[in-house]
Structure formats: structure tokens, C-alpha cells
Amino acid sequence: MSVRFTVTPTRAEDVPGLGGDGAGGGEPGGGADTGDVSAPTAAPATGDTAGAAGEPALDRSQSSITGEHIKLLGNHQEKDVAASLSDDHMGSVYGDGNLALFEEELETRPKVSLLLSRMANYTNLPQGAREHEEAESVGEGRRGGPRGPQMGTLVGVFLPCLQNIFGIILFLRLPWVVGTAGVLQALCIVVLCCSCTMLTAISMSAIATNGVVPAGGSYFMISRSLGPEFGGAVGLCFYLGTTFAGSMYILGAMEILLTYLFPGMAIFRWGDVNAEMGNMLNNMRVYGSCFLLILALVVFVGVTYVNKFASVFLGCVVVSILSIYAGAIKSAFAPPDMPVCMLGNRSVSAEWYSECDKTVRRGNLTVTSKLWAHFCPTNLTCDPYFLANNLTLIPGVPGLASGALAGNLWSRYGERGAVIEGRGLPSVGVRDPPTNDMPYVYTDISTSFTLLVGIFFPSVTGIMAGSNRSGDLKDAQRSIPTGTMLAIGTTSLVYITTILLFGASIDGVVLQDKFGGAVNGTLVVGTVSWPSHWLIVAGSFFSTCGAGLQSLTGAPRLLQAIGRDNIVPFLRVFGRGKGNGEPTWALLLTAAIAELGILIASLDLVAPILSMFFLMCYLFVNLACALQTLLRTPNWRPRFHYYHWSLSFLGMSLCVALMFLSSWYYAMAAMLIAGMIYKYIEFQGAEKEWGDGFRGLSLSAARFALLRLEEGPPHTKNWRPQLLVLIKLDEDLHVKYPRLLTFASQLKAGKGLTIVGSVLTGNFLDSYSEANAAEQAIKALMSRERVKGFCQVVVTGRVRDGVSHLIQSGGLGGMRHNTVVLGWPTCWRQSEDPRSWKTFIGTVRVTTAAQLALLVPKNISLFPGNGDPVPEGTVDVWWIVHDGGLLMLLPFLLRQHKVWRKCSIRIFTVAQMEDNSIQMKKDLATFLYHLRIDAQVEVVEMHDSDISAYTYERTLMMEQRSQMLRHMRMTKTEREREGISSSISSLPQPQAQMVKDRNSTLRLASLGSDEEEETDGVPDRIHMTWTREKYRERQRSRAPTPDGLEDLLSIRPDHSNVRRMHTAIRLNEVIVNKSHDARLVLLNMPGPPRNQDGDENYMEFLEVLTEGLERVLLVRGGGCEVITIYS
């Protein structure tokens, strides 16, 4: 046996049953890296563990090559491999002299030989098959382990596809399709449907040969190619199609049973022609439900027997088809005796007469026939058409050489209840149409070309049977394309030839007769079979039963695979099964859905339903192939080379055309169902990363859009705040002020770009796990606050450097932030550590240098949450200086959110003594009118006034406090140095000189210096010599503390600081007077001083400016216009 493998990077969750949810027999969770079989490296905790069901886990399935493929092998093989790698074996691995350079990495990067040996032991048997093989091996005396895949192309793909494609439509509806549509249009229908499936098979072959396809077949291919959303939607559509196919097969079997085999079994008897169809449907419902229950019990008790009898059912199909060919050939020289009674050109039902004549001889008497009694109940009431036309007998099967083909070339569409009429027969017309109580053969439904397409299409489905058995195939990559295309070619040839044979050997009247009423209730396809029509009746019945069993066997397994993938939360329960893996719960749901199809009771109504679901599935198979081909992803390397994206698009177009051609309302319903499932999975389903094509398409589209954005800056009309939210984390790596993200979500309302950034201090090599944990915590909070954006955590030695890095390098290309949201440093006055407010001011300076807008919400803990709408009130804007219009835009954006929707906008501006306040108000109102912003306008006049004593005293206290804090920090430094010196003096003289080399972590720099204040926890490495003489000299030169205090008492405030304090106090008085009851106050944020010595005073000015206000948003524009009056 030769086994071919494709070594493809495959994630554990790609394989049904081995995902991170633990549903498929893998380790619970699967988020941790359990792949190292020798000694798994202990990874630091990075957030929530994956052990709890349903909790999102950190996906590390690709962090280790060994782990990736061990997960591919399954639990039982993982244990075997782990057991085989003993300490001695691993010692030999590490001791390999040729791999000495890599010996430290062999735990996570195994030798190629070891990897290939694992891949050679890989088996992708479907769920349940392995257990059955193990059970059989026990019965055989344990003569070895489970056998690997042994099926070839013929048994594994060709014959299953043949059995699934040939079905009830061939025997019950194909002759009727030929008689109704005519030979030419029937050939057109077959060509359309078979072309669709052939193009789909080409796309499917390309996907199936692009690596190993584990058990799961078409669902696996679609979901892994198009993503979990499309995969789940199309997988469920395929499941529904397979389930309704089971209903169709059962209804077909009941039609054969009640119409052709045992008509006397009918419970509801038809009293007249009007009630005939209703009674027949009721009989189908009763017997179909009972038969469904029997088949479901058979599948539940022993699926192995279903598989063993599959060859018997296939044999019935082949024998039945051969009997058709034999009978058609025989009819060329010995046509069967199948007379049809015609009244004029109207066909008469055989159940209403024994002799096709108006009068018959009874001895020497001539009496009226049975037909006379039906057409003429009394001598006074007689059907005029019956009196005007003669009764004749025509051959129902004239034979292959009769020339009947010419009369069957063209269509005979009609309305429901119309009498089936023959062509070329003499008929004397009458004005009155026939009533439905006459003994004619009537049509049961209205017919059209589109209806026939929908009814016939199920007869070409079943091409996925080979891919569904991919786990049993010896070489799936070769068998699936070859076997599937051979099966499609064979069935297409059979359909085309049988259409020609039916049209050439059977009369059009019989072909139009769906139930064979004109030929004494004989199955129409049986009229041309040889040696007996009973052969094809029995064969079609058993083959239909087998197809129904196959559908009830395959559909639950497909639903089980979807449930185990955990992409649809409410389907998780159906991923479970019995001890041997049989999908019990899925079988119950499948039987319940199939019962809905049984209650429809009409094969002609059920067939278009399953056509829609299969066409949806085929459409997305073609889409997956076209998408992968056009994107040219590196992993797209199919062994099947006879594909092209244009063929896939042609297949997609055919699928869409056939859907709407068959039934536009069924097509819309199927698309609506798939769309709802897609959106449900998108919002509620588990997140899966399967390397699907739509992710690649998103990357390509993002790259294209980013390149387009690089062509120039955005126009003012397109400007919207793209936020970089800088947040702080506590010691437990939790967000300290989560309301910052709440405010960002209210401002953005899900639109534009949002980047949430944070900085951790330390070394990146040592803090990598902490950074990952912080990122997971931030993402969890973003999800709770419904902030759609990205997260970025950087590790640097100093916080200020990390913030500068985020501001400079955040985003990508044209998709970069233009606004920074920064929290206010609370309690900065009470803190002896100046790093918090110095980092704040440094961030303001960096933001200004980068020409970005800045938003600083003050008292952020008092801002409302997303679930707390603000009652009616005002949002007050204090427009002091022009900042590009950002102050006007922000309240408008906030009012788009439900939290601020009830608030109105008030805009205040300040007029100096030389300004005309009345004209300013008019101009501002006009400006807002052109901006289409509804707001109240008010101009506040601020006249020049003398500086008050309070202002002077407030400034003096500010500067004294600043000097005192600086003196305290200097004193603390001296105390630390004094402690070091006393310890030095206590040492012996040989050790009095202490040298601190570069590896020391002792910090002796001045805590009062700017460098120290900017340092955030990473000590500088210094080289310093400290002797007793230097210490005593330093002690003598140090100024006494009382003199320093006297300097503080004699300080005089700087005049510029006095003026700034005066402005802050005056503005604060006006703002508090006007906006003390406002829900939110927005005002211009003054810039920091150019001289960094006044940074602490700058913080004091901002505090004074916002005193007495509950919620404040300080706004600083980025230097560009963000709002315009033009359209």
C-alpha cells in the first residue's frame, strides 16, 4: 500500500472533533500549547484559561510545530507518541551530533524524521468509523489494530456518487419531464443541471486536492475555505438539503407503494375525481410518517447494516437502468402491447373502461359500454364531445423505430386540471371545456420550464458523496476528482440517452401521464422496460429506500460535525452522540425536519426545496475555489490542475440562475435562511481562525484601501475622529479607568478607527507574557464596552517613551489616528512622585508636535455608562479660541449616541472689550446654520479688570508649593546619600572605597532631577567612586535647611504666572456661572508652556480653569479644519 501525504500546516480546530472546544475527543479547551510530547514548556499565564467550556482561549495551536501535528493525530495517537518518546529516546535525540546547534529547540521544533513518522501514522477516519473497525477487530480475535483507509476510486467515490445521483426522479418523473417539456427542452434542462454540477465538481476537486481533507467532506471544505460564518450557513443549508432529500425519497417510495405495488393499502379512498388528489396526499402523509419512523430506527440501531446493504441498493438501480435500455432496444423490433384509449385526441383513463368503444356486443345484442354510462348518465344529458368524436386505440409504446421522436420534440405545457391530449389525432371541437368529473386523464399541476428545472435538479445532486467519504479513501486527492467526474459523466450520459429513448419509443400521451392512468396504472418507465415492468417497479422501490437510509445516515453526521466545531452555540448539544460516536440527538432533529417534508406530501413540491439548498452549497463551493485562485494564497497548491477561476465564476452564475429559474421565492427564502445563520454566527458564534479565503480577501481589500488612502490627506468632509485611547493598567493588569473606553464608544458609535494603547514598564524579553495578558484584558473590556477597534500594548523602559512610540507609530499608512484621548492625572497634587503629571504634560507636547487633536476628559469616573442615558440637559461648548471646528463637531457626534441623545447643545464664546458682541452672536448663529448644527448661541462679555488680591495670593501659593516640593525631593536625596555614607564609614579602611560597576542596580542619581522624574522603574547603570573624604566635603558644603525655608518664604510670584492665573480664575467664574448645571462642558485646552520649568504651574492653571465643574472635556485641536459649511 502506498500512502501519499501533504504536509500542510493545519490547526487543531480545522479537524472536526479536534477543536479547542473539546467536543471531538481532544483535550478540554485546547488553548494551551499541549503539543510538546517530551516536556511541554511551561508558558506563563496570559489571561483566562481555556479549560472552561465556552470561554475564549488564547489560541496557540500554531506556536509549536510539534503541538500542531500532535493535535492533528488525535488523543489516542498523542498518548502513543508521548509514550514512545521515553527519556532514553529524547536523550538520543539531543545527543545527535549533527543537530547540536538545534538541541535547545528540539522540544518545540522536532526533527524532520520524527515529524514525518507522525504524519505517516495519521488517519482521518470519520467519527464512528474508527470505533466500528475496532469493534470488528475485537470480533475477529484482535488480529491487529484498526485498519487504515483502504477504499479506492471505484468503491470509495464512483459507486457512492452513482448511487446518490441516480434516484427517484429518474424512475418517477423523467418520462413526464420529457413528455411535458419535449425532447429538446428536456435535453436543455439536463445539460444545464449537469453543467452546473460538473463545474462545481471541478471547483470541489481543486479544494479537495489542496491538502488532506479530514472527514467532513463538503462542509469541511466550505467552512475552511470561506470561514466559519459562511461555512456554518452553507453547512446548515447542505444539512437541510440532505434532510429534505430523505423526505423526497420516502415520498417517492410511498408513491410507488400506493400507486403501483399495493393500491389497495390506501386508507383514504377517493370517491370522485375532485377528492382523488387530496386523498392521495393524506395517504402519503400517513404511510410516509410510519416509513420515516422505521428508517430512523434502522439508522439508530445499526448504521453498519446500512453501509453493508448500500451495494444491494446500488445493484437495484443498475439493474433497473439496464432493463430500460434492454426494453427500448427490444421495442425497435417487438414493441410491447400497451394500448391507450383515445376519445378524439383526448386520453381516457383505463380504470373507467374495459372496452374502448361506445357500444359492445353481448351475444346478439349491441349494448352501450361502460364509457357510455360515464359520458351519458341519462339519455337527456350526454357529453357533446363524446357524441361528436370516436373512440380509438393507439399504441402507448410504438417502439424505437416508429418515428415517435418527431412528435415528442416540442413542449406541451398546460394548466392544472387540463385533459392530456395527443397530437395528430382527429378531433371535433366543442365550445364547452371538459369538466373534471369525466373519465379523462388530467394534469395534476400547472407546468412550465422553470418548474421542471426545479423538479429535475435533485436527480443530479449527490456529487459530494465522494468527498463525504474522504476519511475512508486510500488517496483522497486522486480519487475524489477522478471518481466524481466519472460519476457525473456517466449519469449525464444515462440521462441524455434515456431522454432520447423515451422520446423515440413512447407516445407523447403516455409520457405526459405522470401516474400511468392511460396504461392501466403502470409505471410509465416500466412500459418500456424488459423483461417485465415489475422489475423496474421493485428495483426503483428498493433503491429509493436505500437512498432514504443514506440521507438519514449522512445528515445527522453533518449536523454533528457542525455542532462539534462549536460555531453555532445552540447546536452544541447535537455534537454529542452515543459511546461509539453515533449522533443520536442529531438523528432525532433530522427525523423531525424530515417529517415536515413528509407532511408536504407532494414530491413535486419537496424537490424544488432541496434544489435550493443544494444549489446554495454548490454556489459557495465555486466561490471558495474562485476566491482562493484569485487571491493566490501561498497555501493554495491543488494537485488537481484543471481548474480556473473563470470556470468557478461560471459555475456560480449557473447556480444563481438555476435557483431563480426554478423558484424565485424558494431562492429568496433559502438566501434569507443562509443570511440569518451567517449573521447569527457572526454575532453569537465562537470565533474561529481557519485561514479562510474571506480573511485573505479582507487582507487584500485592506491593502488596496490603505494604498488608496496614502494618496493624500482626507478631505475636511471625510474627517472624523480616529481615536488613540491611552489607558493605564493597575498591578493586576486591569484597566484603571474603564470609562475612557465607554466615552470612546459613545463618541465613535462604531464608526472609524479606534486604537486602545497602553504601556508596560520593563524589558520586553521578560515581560512578553504580561503584555499578552494585558492585551487580552483590554480586548475583553473593549468587547464589553462595544468598542470596535484594535489593541496595542508596548513594553518600554520609560512610560513617556512608550506613549511617544504609540503616538508616532500607531495605525498603518493612511489608517492612522488623528485624535488622542488621554486621562487626567487624578490626585497629582497629593502625590510626591511627579512622574504622573510630567508624563501627562509630555504626552500633550508630543501630541501637539505630531499635529494631532487631544481630548482630556476630567472626572472620567462621573461620565455616564452606555446603559445610563443622560436625562434632558445641555452640552455646553466654550469656544474661546479657534481649533479647526473640533469643538463644534464633538457634541454633534456625542448626540448620535443614545446616552447623549436627549441633550441640547449650547455654544458660548467670549467677547473682549473691543469686540461687538451683538454682531458676534449673529455671525455665530449664521455659521452654525450653515454647519447644519442646532444649538443655542450666547456671547459672554469679559471686560478688562485689575488683578485681585486672591489671584496674587493663589499664584504665590502655587509657586511656594512648587519650590517646597522640589526642596523636599532634594532633601530626600540627601538623606539617602547620608545613609549610604554612614554605612561606608563603618567599613574598614581597605574597604572604604566602594566601586559600583556597570552590572549594579543601585540608583544614586538625584531624585530631584528631570532625568529621575522621567525614569519609570528601570535603574540606570552607573560607575561611581565614593570615598570618606568626598562625603565629608559634601557635608561641609551643604546649605542648612532653615536657609532654604527662608528662601521659600521670601519668594515673589512671577508676573506671567499672575496673568495666567488671573485668566484662569476669570474664565472659571464665567463658566461655572453659566454651565454649573450642564451635563457636559467642552472647552479649549491651553497649550503647555515652552519653558519646561513651569510644567507644574501649567497643571495648576488647568485645575483652576475647571474647578467646580462635574464633567469636563478639555479639547485641543490638531491644527487642521475638521468641519466645513460646503456640501
# chains A, B, ... in the order shown; residues from 1 in each chain; ligands from 1
>>> residues_around(residues="Gly508 (chain A)", least_positions_apart="4", cutoff="12 Å", atoms="only C-alpha atoms", output="PyMOL selection string")
chain A and resi 175-183+340+345-347+394-398+403-412+420-425+502-504+512-514+518+524
>>> residues_around(residues="Val317 (chain A)", least_positions_apart="2", cutoff="9 Å", atoms="only C-alpha atoms", output="number ranges by chain")
A: 163, 166-167, 312-315, 319-322, 536, 539-540, 542-544
>>> atom_distance(atom1="CA of Thr909 (chain A)", atom2="CA of Ile933 (chain A)")
16.0 Å
>>> residues_around(residues="Val190 (chain A)", least_positions_apart="3", cutoff="8 Å", atoms="only C-alpha atoms", output="NGL selection string")
:A and (186-187 or 193-194 or 492 or 495-496)
>>> write_last_selection(atoms="N, CA and C atoms", output="PDB file, in the first residue's frame")
ATOM      1  N   ALA A 186     -36.096  19.132 -22.703  1.00  0.00           N
ATOM      2  CA  ALA A 186     -35.629  18.207 -21.676  1.00  0.00           C
ATOM      3  C   ALA A 186     -34.116  18.044 -21.740  1.00  0.00           C
ATOM      4  N   LEU A 187     -33.574  17.962 -22.953  1.00  0.00           N
ATOM      5  CA  LEU A 187     -32.118  17.908 -23.107  1.00  0.00           C
ATOM      6  C   LEU A 187     -31.475  19.192 -22.600  1.00  0.00           C
ATOM      7  N   CYS A 193     -28.350  21.474 -15.834  1.00  0.00           N
ATOM      8  CA  CYS A 193     -28.120  20.920 -14.491  1.00  0.00           C
ATOM      9  C   CYS A 193     -26.796  20.178 -14.405  1.00  0.00           C
ATOM     10  N   CYS A 194     -26.493  19.369 -15.418  1.00  0.00           N
ATOM     11  CA  CYS A 194     -25.242  18.605 -15.387  1.00  0.00           C
ATOM     12  C   CYS A 194     -24.030  19.512 -15.553  1.00  0.00           C
ATOM     13  N   SER A 492     -24.759  11.774 -16.625  1.00  0.00           N
ATOM     14  CA  SER A 492     -25.206  12.686 -17.686  1.00  0.00           C
ATOM     15  C   SER A 492     -25.487  11.922 -18.967  1.00  0.00           C
ATOM     16  N   TYR A 495     -28.796  10.058 -18.561  1.00  0.00           N
ATOM     17  CA  TYR A 495     -29.951  10.943 -18.669  1.00  0.00           C
ATOM     18  C   TYR A 495     -30.210  11.343 -20.123  1.00  0.00           C
ATOM     19  N   ILE A 496     -29.159  11.690 -20.826  1.00  0.00           N
ATOM     20  CA  ILE A 496     -29.339  12.132 -22.224  1.00  0.00           C
ATOM     21  C   ILE A 496     -29.866  10.987 -23.081  1.00  0.00           C
TER      22      ILE A 496
END
>>> residues_around(residues="Asn818 (chain A)", least_positions_apart="5", cutoff="12 Å", atoms="only C-alpha atoms", output="PyMOL selection string")
chain A and resi 713-714+719-725+752-755+807-811+847-848+850-855+886+1116-1120+1122
>>> select_by_dssp(residues="region 481-701 of chain A", states="helix (DSSP H, G or I)", output="number ranges by chain")
A: 481-505, 508-512, 517-519, 524-528, 533-565, 569-575, 584-600, 603-631, 645-662, 664-684, 693-701
>>> closest_residue(among="A:Ser402, A:Gln185, A:Ser467, A:Ser289", to="Phe220 (chain A)", atoms="only C-alpha atoms")
A:Ser467
>>> closest_residue(among="A:Ser205, A:Phe574, A:Thr450, A:Val940", to="Phe660 (chain A)", atoms="only C-alpha atoms")
A:Thr450
>>> atom_distance(atom1="CA of Arg173 (chain A)", atom2="CA of Ser459 (chain A)")
9.8 Å
>>> atom_distance(atom1="CA of Asn622 (chain A)", atom2="CA of Val234 (chain A)")
12.4 Å
